[in-house]
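Trainee: Below you'll find target.cif; it's mmCIF, C-alpha atoms.
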```cif
data_entry
#
loop_
_atom_site.label_atom_id
_atom_site.label_comp_id
_atom_site.auth_asym_id
_atom_site.auth_seq_id
_atom_site.Cartn_x
_atom_site.Cartn_y
_atom_site.Cartn_z
CA MET A 48 -8.89 34.17 3.22
CA SER A 49 -9.49 34.38 6.95
CA SER A 50 -12.23 31.85 7.67
CA TYR A 51 -11.34 28.28 6.79
CA ASP A 52 -14.20 26.30 8.35
CA VAL A 53 -11.79 23.34 8.47
CA ALA A 54 -11.58 20.97 11.44
CA ILE A 55 -9.04 18.38 12.54
CA THR A 56 -11.01 15.21 13.21
CA GLY A 57 -8.32 12.52 13.21
CA LEU A 58 -4.72 12.19 14.42
CA GLY A 59 -2.24 9.60 13.22
CA SER A 60 1.43 9.40 14.06
CA ILE A 61 4.27 6.96 14.32
CA SER A 62 7.23 8.45 16.13
CA PRO A 63 10.14 7.72 18.49
CA LEU A 64 7.58 8.01 21.30
CA GLY A 65 5.17 5.38 19.99
CA THR A 66 3.16 4.03 17.11
CA THR A 67 0.04 6.12 17.78
CA ALA A 68 -0.73 9.79 18.34
CA GLU A 69 -2.00 9.05 21.84
CA GLN A 70 1.24 7.25 22.77
CA MET A 71 3.21 10.24 21.52
CA TRP A 72 1.10 12.65 23.55
CA GLN A 73 1.45 10.53 26.67
CA GLY A 74 5.21 10.37 26.18
CA ILE A 75 5.51 14.13 25.82
CA SER A 76 3.19 14.67 28.79
CA GLN A 77 5.49 12.48 30.89
CA GLY A 78 8.64 14.23 29.66
CA SER A 79 9.89 11.06 27.96
CA CYS A 80 12.58 11.13 25.29
CA GLY A 81 12.66 8.95 22.18
CA ILE A 82 16.31 9.70 21.36
CA ARG A 83 18.61 6.71 21.79
CA PRO A 84 21.83 5.21 20.36
CA ILE A 85 21.42 4.24 16.71
CA THR A 86 20.63 0.56 16.20
CA SER A 87 19.35 0.43 12.61
CA PHE A 88 22.89 0.70 11.21
CA ASP A 89 26.43 0.78 12.57
CA PRO A 90 27.31 4.47 13.11
CA VAL A 91 31.03 3.82 13.63
CA GLY A 92 32.98 6.88 12.51
CA PHE A 93 29.95 9.19 12.76
CA SER A 94 30.27 12.20 15.03
CA CYS A 95 26.62 11.68 16.07
CA LYS A 96 25.57 8.20 17.09
CA PHE A 97 22.13 9.16 18.43
CA ALA A 98 18.77 9.24 16.65
CA GLY A 99 15.04 9.17 17.19
CA GLN A 100 13.99 5.70 16.01
CA VAL A 101 10.43 4.42 15.67
CA PRO A 102 9.52 1.31 17.71
CA ASP A 103 8.96 -1.91 15.76
CA PHE A 104 5.65 -2.08 13.89
CA ASN A 105 4.07 -4.32 11.26
CA ILE A 106 3.24 -2.34 8.13
CA ARG A 107 1.19 -5.22 6.75
CA GLN A 108 -1.42 -4.53 9.44
CA CYS A 109 -1.91 -1.05 7.98
CA VAL A 110 -2.77 -2.14 4.43
CA PRO A 111 -5.60 -4.35 3.10
CA LYS A 112 -4.75 -7.93 2.18
CA THR A 113 -5.23 -7.18 -1.51
CA TYR A 114 -2.41 -4.62 -1.38
CA ARG A 115 0.18 -6.41 0.72
CA LYS A 116 2.30 -7.51 -2.25
CA ALA A 117 3.08 -3.83 -2.84
CA VAL A 118 4.76 -3.57 0.57
CA LYS A 119 7.99 -4.87 -0.96
CA LEU A 120 8.15 -1.60 -2.91
CA PHE A 121 7.80 0.53 0.22
CA SER A 122 10.79 2.54 1.36
CA ARG A 123 10.96 3.31 5.07
CA ASP A 124 9.39 6.74 4.39
CA ILE A 125 6.43 5.14 2.62
CA GLU A 126 5.90 2.64 5.44
CA LEU A 127 5.80 5.42 8.01
CA ALA A 128 3.39 7.55 5.96
CA VAL A 129 1.01 4.66 5.27
CA ALA A 130 0.95 3.72 8.98
CA ALA A 131 0.22 7.30 10.06
CA ALA A 132 -2.56 7.67 7.47
CA HIS A 133 -4.12 4.44 8.72
CA GLY A 134 -4.10 5.83 12.27
CA ALA A 135 -5.55 9.20 11.24
CA LEU A 136 -8.47 7.56 9.45
CA ASN A 137 -9.20 5.13 12.27
CA ASP A 138 -9.18 8.00 14.75
CA SER A 139 -11.54 10.08 12.61
CA GLY A 140 -14.23 7.44 12.20
CA LEU A 141 -14.12 7.83 8.43
CA VAL A 142 -14.23 4.56 6.51
CA THR A 143 -12.45 4.22 3.18
CA LYS A 144 -11.90 1.29 0.86
CA GLY A 145 -8.62 0.63 2.64
CA ILE A 146 -10.28 0.51 6.06
CA ASP A 147 -13.44 -1.49 5.30
CA PRO A 148 -14.59 -1.83 1.67
CA GLU A 149 -18.04 -3.02 2.77
CA ASN A 150 -18.85 0.04 4.91
CA ILE A 151 -17.38 3.06 3.12
CA ASN A 152 -18.81 6.35 4.41
CA VAL A 153 -16.86 8.86 2.29
CA ASP A 154 -17.11 10.10 -1.27
CA PRO A 155 -13.66 9.31 -2.71
CA THR A 156 -14.04 12.02 -5.37
CA ARG A 157 -14.32 14.63 -2.58
CA PHE A 158 -11.29 13.33 -0.71
CA ALA A 159 -7.77 14.86 -1.04
CA VAL A 160 -4.29 13.84 0.09
CA ASN A 161 -1.39 16.26 0.67
CA ILE A 162 1.83 14.84 2.08
CA GLY A 163 5.13 16.51 2.89
CA ALA A 164 8.13 14.39 1.95
CA GLY A 165 11.88 14.67 2.32
CA LEU A 166 14.83 13.54 0.27
CA ILE A 167 14.35 9.79 0.42
CA SER A 168 17.74 8.13 0.67
CA CYS A 169 18.12 4.60 -0.62
CA ASP A 170 19.28 1.62 1.39
CA LEU A 171 23.00 1.11 0.92
CA VAL A 172 22.58 -2.63 0.37
CA GLU A 173 20.51 -1.86 -2.73
CA ILE A 174 22.86 0.65 -4.32
CA ALA A 175 26.30 -0.42 -3.07
CA PRO A 176 26.93 -3.23 -5.64
CA ALA A 177 26.07 -0.87 -8.50
CA ALA A 178 28.33 1.85 -7.10
CA ALA A 179 31.18 -0.62 -6.55
CA ALA A 180 30.90 -1.79 -10.16
CA SER A 181 31.28 1.81 -11.33
CA VAL A 182 34.69 2.42 -9.79
CA ASN A 183 37.67 2.90 -12.07
CA ASP A 184 41.17 3.26 -10.58
CA GLY A 185 39.69 4.01 -7.18
CA LYS A 186 37.34 6.74 -8.43
CA PHE A 187 33.66 6.74 -9.37
CA ASP A 188 33.30 6.72 -13.16
CA ILE A 189 29.98 8.08 -14.42
CA ARG A 190 30.45 6.38 -17.79
CA LYS A 191 31.04 3.03 -16.16
CA TRP A 192 27.98 3.68 -14.00
CA GLY A 193 25.87 4.09 -17.13
CA LYS A 194 27.25 0.99 -18.83
CA GLU A 195 27.70 -1.44 -15.95
CA GLY A 196 26.47 -0.04 -12.65
CA LEU A 197 22.86 0.56 -13.65
CA GLU A 198 22.51 -3.03 -14.79
CA LEU A 199 22.79 -4.05 -11.13
CA VAL A 200 19.89 -1.81 -10.09
CA THR A 201 16.43 -3.37 -10.20
CA PRO A 202 14.10 -1.65 -12.72
CA LEU A 203 11.56 -0.95 -9.96
CA TRP A 204 14.17 0.61 -7.67
CA LEU A 205 13.12 4.22 -8.31
CA LEU A 206 9.50 3.52 -7.32
CA LYS A 207 10.64 3.18 -3.71
CA TYR A 208 12.38 6.54 -3.60
CA LEU A 209 10.29 9.09 -5.51
CA PRO A 210 8.93 11.60 -2.94
CA ASN A 211 5.41 11.48 -4.39
CA MET A 212 5.16 7.75 -3.63
CA LEU A 213 3.99 8.50 -0.08
CA ALA A 214 0.84 10.27 -1.24
CA CYS A 215 0.52 7.84 -4.16
CA HIS A 216 0.34 4.70 -2.02
CA ILE A 217 -1.98 6.32 0.52
CA GLY A 218 -4.24 7.41 -2.31
CA ILE A 219 -4.34 3.95 -3.89
CA ILE A 220 -4.91 2.11 -0.60
CA HIS A 221 -7.81 4.35 0.44
CA ASP A 222 -9.17 5.04 -3.06
CA ILE A 223 -8.65 8.79 -2.72
CA GLN A 224 -9.78 10.31 -6.03
CA GLY A 225 -9.63 14.02 -5.21
CA PRO A 226 -6.61 16.35 -5.44
CA SER A 227 -3.26 14.80 -4.57
CA ASN A 228 -0.03 16.68 -4.00
CA THR A 229 3.43 16.29 -2.51
CA ILE A 230 5.34 19.13 -0.85
CA THR A 231 9.13 18.76 -0.72
CA CYS A 232 10.36 21.73 1.30
CA ALA A 233 12.44 19.83 3.86
CA GLU A 234 11.53 20.65 7.46
CA ALA A 235 8.67 23.01 6.50
CA SER A 236 6.98 20.40 4.30
CA ALA A 237 4.31 19.18 6.71
CA HIS A 238 3.04 22.62 7.68
CA LEU A 239 2.88 23.61 4.01
CA ALA A 240 1.06 20.40 3.10
CA ILE A 241 -1.51 20.87 5.87
CA ALA A 242 -2.00 24.52 4.88
CA GLU A 243 -2.62 23.62 1.24
CA ALA A 244 -5.06 20.87 2.22
CA ALA A 245 -6.97 23.31 4.44
CA GLU A 246 -7.21 25.74 1.55
CA LEU A 247 -8.51 22.96 -0.73
CA ILE A 248 -11.35 22.31 1.66
CA ALA A 249 -11.99 26.00 2.32
CA ARG A 250 -12.47 26.75 -1.37
CA GLY A 251 -14.74 23.76 -1.88
CA SER A 252 -12.39 21.55 -3.91
CA SER A 253 -12.66 18.75 -1.34
CA ASP A 254 -14.65 17.87 1.76
CA ILE A 255 -11.96 15.78 3.48
CA ALA A 256 -8.18 15.54 3.29
CA LEU A 257 -5.33 13.55 4.74
CA ALA A 258 -2.40 15.89 5.27
CA GLY A 259 0.94 15.85 7.06
CA GLY A 260 4.42 14.58 6.43
CA ALA A 261 6.85 11.70 6.79
CA GLU A 262 10.59 11.20 6.61
CA ALA A 263 13.13 8.60 7.68
CA LYS A 264 16.39 10.35 8.52
CA VAL A 265 17.92 7.39 10.37
CA ASN A 266 19.92 6.49 7.31
CA PRO A 267 23.72 6.56 6.95
CA ILE A 268 23.57 8.76 3.84
CA VAL A 269 21.37 11.32 5.57
CA MET A 270 23.23 11.19 8.86
CA ILE A 271 26.71 11.59 7.43
CA ARG A 272 25.61 14.68 5.54
CA GLN A 273 24.21 16.28 8.70
CA CYS A 274 27.44 15.45 10.51
CA LEU A 275 29.58 16.92 7.73
CA ILE A 276 27.70 20.23 7.60
CA LYS A 277 27.86 20.28 11.41
CA ARG A 278 24.11 20.39 12.09
CA ALA A 279 24.21 17.18 14.15
CA VAL A 280 25.25 17.15 17.79
CA ASN A 281 28.41 15.27 18.80
CA SER A 282 27.24 12.21 20.68
CA ASP A 283 29.04 12.56 23.96
CA GLY A 284 26.89 12.35 27.06
CA GLU A 285 23.42 10.88 27.45
CA PRO A 286 21.12 10.55 24.40
CA ALA A 287 18.10 11.87 26.33
CA SER A 288 19.85 15.17 27.03
CA ALA A 289 21.54 15.60 23.63
CA CYS A 290 18.96 17.79 21.87
CA ARG A 291 18.52 21.08 23.73
CA PRO A 292 16.34 23.62 21.89
CA PHE A 293 16.86 27.23 23.05
CA ASP A 294 19.17 26.09 25.84
CA ALA A 295 22.46 27.80 26.64
CA ASP A 296 24.17 24.45 26.12
CA ALA A 297 22.58 23.72 22.72
CA ARG A 298 25.21 21.95 20.58
CA GLY A 299 23.32 20.67 17.56
CA SER A 300 20.33 18.68 16.42
CA VAL A 301 19.54 14.98 16.67
CA PHE A 302 17.82 13.49 13.64
CA GLY A 303 15.16 10.82 13.50
CA GLU A 304 12.27 9.20 11.69
CA ALA A 305 8.52 9.68 11.97
CA ALA A 306 5.26 10.28 10.17
CA ALA A 307 2.30 12.36 11.27
CA ILE A 308 -0.94 12.82 9.38
CA VAL A 309 -4.14 14.58 10.36
CA THR A 310 -7.62 14.16 8.95
CA LEU A 311 -8.99 17.54 7.88
CA GLU A 312 -12.68 17.95 7.28
CA ASN A 313 -15.21 20.62 6.48
CA THR A 314 -16.37 21.69 9.93
CA GLU A 315 -20.09 21.57 9.20
CA ARG A 316 -19.72 18.11 7.70
CA ALA A 317 -17.81 16.99 10.79
CA LYS A 318 -20.50 18.36 13.10
CA ARG A 319 -23.28 16.67 11.12
CA ARG A 320 -21.69 13.28 11.68
CA ASP A 321 -20.91 14.12 15.31
CA ALA A 322 -17.17 13.75 14.77
CA ASN A 323 -14.61 14.31 17.50
CA ILE A 324 -13.13 17.71 16.64
CA TYR A 325 -9.71 18.34 18.13
CA ALA A 326 -9.24 21.86 16.80
CA GLN A 327 -9.88 24.06 13.79
CA ILE A 328 -7.58 25.79 11.33
CA ALA A 329 -7.61 29.52 12.11
CA GLY A 330 -4.74 31.10 10.18
CA LEU A 331 -1.95 30.28 7.73
CA GLY A 332 1.24 32.07 6.80
CA GLN A 333 4.39 31.33 4.86
CA SER A 334 7.39 33.07 3.33
CA ASN A 335 10.77 32.42 1.80
CA SER A 336 13.94 34.16 2.94
CA ILE A 337 17.10 32.55 1.60
CA ASN A 338 20.31 32.99 3.56
CA VAL A 339 23.53 32.89 1.53
CA PRO A 340 24.99 30.12 3.72
CA TYR A 341 21.89 27.99 3.07
CA GLU A 342 22.55 25.52 5.88
CA LYS A 343 21.88 28.26 8.45
CA LEU A 344 18.87 30.43 9.17
CA GLU A 345 19.38 34.17 8.68
CA ALA A 346 20.41 35.74 12.00
CA ASP A 347 17.24 37.81 12.48
CA GLY A 348 14.87 35.03 11.40
CA LYS A 349 13.00 37.48 9.19
CA GLY A 350 11.29 34.75 7.19
CA ILE A 351 9.75 33.22 10.31
CA GLN A 352 8.60 36.63 11.49
CA ILE A 353 6.82 37.23 8.18
CA ALA A 354 5.11 33.83 8.26
CA ILE A 355 3.88 34.37 11.84
CA GLU A 356 2.61 37.87 11.10
CA LYS A 357 0.72 36.56 8.08
CA ALA A 358 -0.84 33.75 10.11
CA LEU A 359 -1.96 36.16 12.85
CA ALA A 360 -3.50 38.48 10.28
CA ASP A 361 -5.16 35.55 8.56
CA ALA A 362 -6.66 34.37 11.85
CA GLN A 363 -7.66 37.95 12.70
CA ILE A 364 -6.17 37.71 16.19
CA GLY A 365 -3.42 39.41 18.15
CA PRO A 366 -0.43 37.96 20.04
CA ASP A 367 -2.30 38.13 23.38
CA ASP A 368 -4.86 35.63 22.04
CA LEU A 369 -2.26 32.88 21.80
CA GLY A 370 -2.25 30.30 24.59
CA LEU A 371 0.70 28.24 23.35
CA ILE A 372 3.55 28.32 20.85
CA VAL A 373 5.05 25.13 19.41
CA PRO A 374 8.25 26.37 17.72
CA HIS A 375 10.61 24.62 15.32
CA GLY A 376 13.47 24.56 17.87
CA THR A 377 16.14 22.19 16.52
CA GLY A 378 18.87 22.50 19.15
CA ILE A 379 21.19 24.22 16.66
CA ALA A 380 22.17 27.28 18.68
CA ASP A 381 22.36 29.93 15.95
CA ASP A 382 19.11 28.80 14.36
CA ASP A 383 17.29 28.63 17.68
CA LEU A 384 18.37 32.15 18.56
CA ALA A 385 17.28 33.42 15.15
CA GLU A 386 13.89 31.77 15.57
CA ALA A 387 13.49 33.20 19.09
CA LYS A 388 14.24 36.69 17.77
CA ALA A 389 11.76 36.23 14.94
CA ILE A 390 8.98 35.08 17.27
CA GLU A 391 9.66 38.04 19.56
CA ALA A 392 9.67 40.46 16.62
CA ALA A 393 6.29 39.13 15.49
CA LEU A 394 4.62 38.96 18.91
CA GLY A 395 6.23 41.84 20.77
CA LYS A 396 5.94 42.04 24.57
CA ALA A 397 3.44 39.17 24.69
CA VAL A 398 6.26 36.73 23.90
CA SER A 399 7.39 36.64 27.52
CA GLN A 400 3.95 35.46 28.69
CA ILE A 401 2.92 32.85 26.11
CA PRO A 402 3.97 29.28 27.06
CA VAL A 403 6.41 27.70 24.61
CA LEU A 404 6.79 23.94 24.11
CA PRO A 405 9.66 22.76 21.85
CA THR A 406 9.19 19.08 20.94
CA LYS A 407 12.41 18.01 19.21
CA SER A 408 14.18 17.48 22.53
CA MET A 409 11.85 14.49 22.90
CA LEU A 410 11.01 13.52 19.30
CA SER A 411 14.27 14.46 17.49
CA ASN A 412 14.38 16.37 14.20
CA THR A 413 12.26 14.24 11.88
CA GLY A 414 12.48 16.49 8.83
CA ALA A 415 9.33 16.58 6.73
CA ALA A 416 7.34 14.92 9.53
CA GLY A 417 8.25 17.42 12.25
CA GLY A 418 5.65 20.09 11.54
CA ALA A 419 2.80 17.57 11.53
CA LEU A 420 3.98 16.06 14.82
CA ASP A 421 3.79 19.57 16.26
CA ILE A 422 0.29 20.11 14.87
CA ILE A 423 -0.82 16.91 16.62
CA VAL A 424 0.73 18.08 19.90
CA ALA A 425 -1.00 21.45 19.50
CA ALA A 426 -4.36 19.82 18.73
CA GLN A 427 -4.05 17.55 21.76
CA ALA A 428 -3.13 20.50 23.99
CA ILE A 429 -6.24 22.38 22.83
CA LYS A 430 -8.48 19.37 23.28
CA LYS A 431 -7.17 18.56 26.75
CA GLN A 432 -6.50 22.18 27.81
CA ARG A 433 -3.10 21.12 29.08
CA ILE A 434 0.48 21.99 28.17
CA PRO A 435 3.26 19.50 29.01
CA ALA A 436 6.58 20.72 30.37
CA ALA A 437 9.49 21.34 28.00
CA ARG A 438 12.59 19.17 28.25
CA ASN A 439 16.32 19.97 28.14
CA CYS A 440 16.05 23.74 28.48
CA ASP A 441 17.58 24.24 31.91
CA LYS A 442 18.94 27.71 31.18
CA LYS A 443 17.78 29.74 28.19
CA MET A 444 20.44 30.93 25.77
CA ALA A 445 21.34 34.61 25.95
CA GLY A 446 18.99 36.70 23.83
CA CYS A 447 16.12 34.21 23.98
CA ASN A 448 13.07 35.73 25.65
CA LEU A 449 10.66 32.88 24.98
CA ASN A 450 8.59 31.59 27.91
CA ILE A 451 9.72 27.97 27.79
CA ILE A 452 7.75 26.23 30.50
CA LYS A 453 9.44 23.84 32.91
CA GLU A 454 6.29 22.51 34.60
CA PRO A 455 3.00 21.27 33.11
CA VAL A 456 0.32 23.95 32.80
CA GLU A 457 -3.46 23.55 33.00
CA LYS A 458 -5.06 26.54 31.31
CA GLU A 459 -7.64 27.71 28.82
CA ILE A 460 -6.10 27.46 25.37
CA ARG A 461 -7.96 29.33 22.63
CA TYR A 462 -5.29 29.58 19.95
CA VAL A 463 -1.96 27.82 19.32
CA LEU A 464 0.81 28.92 16.97
CA CYS A 465 3.04 26.33 15.27
CA CYS A 466 5.93 27.42 13.07
CA SER A 467 8.74 25.84 11.06
CA TYR A 468 11.55 26.67 8.71
CA THR A 469 14.04 24.93 6.47
CA TYR A 470 17.75 25.53 6.19
CA GLY A 471 16.98 26.59 2.59
CA GLY A 472 14.80 29.52 3.70
CA GLN A 473 11.20 28.27 3.41
CA THR A 474 9.09 29.15 6.45
CA ALA A 475 5.53 28.35 7.51
CA ALA A 476 3.15 29.11 10.37
CA ILE A 477 -0.23 27.62 11.27
CA ILE A 478 -2.62 28.83 13.96
CA LEU A 479 -5.12 26.35 15.41
CA LYS A 480 -8.14 27.39 17.45
CA ASN A 481 -10.37 25.78 20.02
CA ASN A 482 -13.54 24.43 18.42
CA SER A 483 -15.66 26.21 21.04
CA ILE A 484 -14.67 29.66 19.74
#
```
Translate this structure into structure tokens?

Mentor:
Amino acid sequence: MSSYDVAITGLGSISPLGTTAEQMWQGISQGSCGIRPITSFDPVGFSCKFAGQVPDFNIRQCVPKTYRKAVKLFSRDIELAVAAAHGALNDSGLVTKGIDPENINVDPTRFAVNIGAGLISCDLVEIAPAAAASVNDGKFDIRKWGKEGLELVTPLWLLKYLPNMLACHIGIIHDIQGPSNTITCAEASAHLAIAEAAELIARGSSDIALAGGAEAKVNPIVMIRQCLIKRAVNSDGEPASACRPFDADARGSVFGEAAAIVTLENTERAKRRDANIYAQIAGLGQSNSINVPYEKLEADGKGIQIAIEKALADAQIGPDDLGLIVPHGTGIADDDLAEAKAIEAALGKAVSQIPVLPTKSMLSNTGAAGGALDIIVAAQAIKKQRIPAARNCDKKMAGCNLNIIKEPVEKEIRYVLCCSYTYGGQTAAIILKNNSI
């Protein structure tokens, strides 16, 4: 399939740079950084004490009054996803039951929801008493857990932490009756979810879809794991300069929380209602290339290369048609170099000319949300025909031939490539195009 006829008509995000997509874009345009010392828990003993934390927001303002009792069953991931979905719908001009039940302008049976989700870690205050009751002679006893520990866990506990609950709550709030799916492929989840939603619309299974991803990684369970497998940066120095994608001084990633959701719509339908079209889906690609040490990307980034080549072929364009690349770029040196090599292998000599804008130096690594944040940045760049400057790449690492821009660029942008990968080997690439093409 090479012609999707799918438009992006709404942007919704909640990130370390603000509670709306426009605030995030303004922050990136100004070179701001949302990485700060962790305040949501005490990181004493952690090698990394920095994170990308979302500003305070009121989730109750994002759900109808009739649904507010359910908020007590929202994990942090669910809250973020629901808030981003609310923003994406408001931005699109589409009215659902959850926005205004008296003025609905969508057919809920022709509406889909595809959300990328991560491994939702529970709050320690909820699970700690049960775990403590399961200790025998200083060691965790699984039998004691089954007999005594579980009795201290509320029966509704699991409903906060199932990955499909993000799409589930969004679907219930907005009365979405079309296809619903959850993608759990770590840091590639959002791109995969958006790609699947675009294909749903392209084949006529839906007219509209909410798609993207959400994850809250500012959690002691998540953070300690990233510290132990040495993916997180050691927090010496300033937080704003800690995450350095493709830089010679890259020392690790900084993790955070966010949600980003886009409204996808059949292009002709969007034009008929005179919707604001940010960009269109032009090409999709994905692959899977598992490295034996799963926590690292394979050295040649072959999986990313395959995904990019598939997306280019799907869009029926060449490397010279690209006006911007938004890479995954985590700040983990070996992975960044592998990704740079993969992009160069896929694009050839053009790679030295195409502007590259890594975002995690400003937004942190937000897991399943990251790819959707990048799609929003790409859509904004196309709409505004402007590329913000990259941050924290003062000197490119040896072997990286990407054109990472240090000053804002005003230029015609026809196509943008976004790509992502997981440390388990899943890769994805999406190409957006200017609606005027």

Trainee: Need the neighbours of (19.4, 30.7, 5.5): which residues are at most 12 Å away, counting all atoms listed in the file, as a list in words?

Mentor: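 Result, sorted by chain then residue number: Asn335, Ser336, Ile337, Asn338, Val339, Pro340, Tyr341, Glu342, Lys343, Leu344, Glu345, Ala346, Asp347, Gly348, Lys349, Gly350, Ile351, Asp381, Asp382, Ala385, Glu386, Tyr468, Thr469, Tyr470, Gly471, Gly472, Gln473 and Thr474 of chain A.
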
Trainee: Which residues fall under the PyMOL selection byres ((chain A and resi 421-425) around 9) in this file, as a PyMOL selection string?

Mentor: chain A and resi 58-60+68+71-72+75+238+259+307-309+326+371-375+405-406+416-420+426-430+434+463-466+477+479

Trainee: I'd like the contact shell of A:Ala159 - 9 Å cut-off, all atoms listed in the file, skipping same-chain residues fewer than 4 positions apart - returned as a PyMOL selection string.

Mentor: chain A and resi 155+218+223-228+244+247-248+252-258

Trainee: Just want the 6 Å neighbourhood of A:Ala475, counted on all atoms listed in the file, with same-chain residues fewer than 2 positions away dropped. Output as a list of chain:residue names.

Mentor: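 In the requested format, the answer is A:Gly332, A:Gln333, A:Ala354, A:Cys466, A:Ser467.
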
Trainee: With 12 Å as the threshold, what does the neighbourhood of (-7.3, 26.8, 15.5) contain in terms of residues, counting all atoms listed in the file? Coordinates are those of the file; answer as a PyMOL selection string.

Mentor: chain A and resi 49-55+245+314+324-331+358-359+361-364+368-371+422-423+425-430+460-465+476-484

Trainee: Rounded to one decimal, what separation in Å do you get between atom CA of A:Val160 and atom CA of A:Leu404?

Mentor: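 Separation of atom CA of A:Val160 and atom CA of A:Leu404: 28.3 Å.
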
Trainee: Pick from A:Ala305, A:Leu199, A:Cys95, A:Ile241: nearest to A:Glu126, with only C-alpha atoms counted?

Mentor: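 Going through A:Ala305, A:Leu199, A:Cys95, A:Ile241 one by one, the smallest distance to A:Glu126 is for A:Ala305.
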
Trainee: If you measure from atom CA of A:Ile353 to atom CA of A:Ala249, what distance in Å do you get, rounded to one decimal?

Mentor: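 We find that atom CA of A:Ile353 and atom CA of A:Ala249 lie 22.7 Å from each other.
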
Trainee: Report as a ChimeraX atom specification the residues that result from applying the PyMOL selection byres ((chain A and resi 393) around 9) to the structure here.

Mentor: /A:351-353,355-356,366,388-392,394-395,398

Trainee: Taking all atoms listed in the file into account, which of A:Arg291, A:Thr310, A:Gly99, A:Ala387 comes nearest A:Ala322?

Mentor: A:Thr310
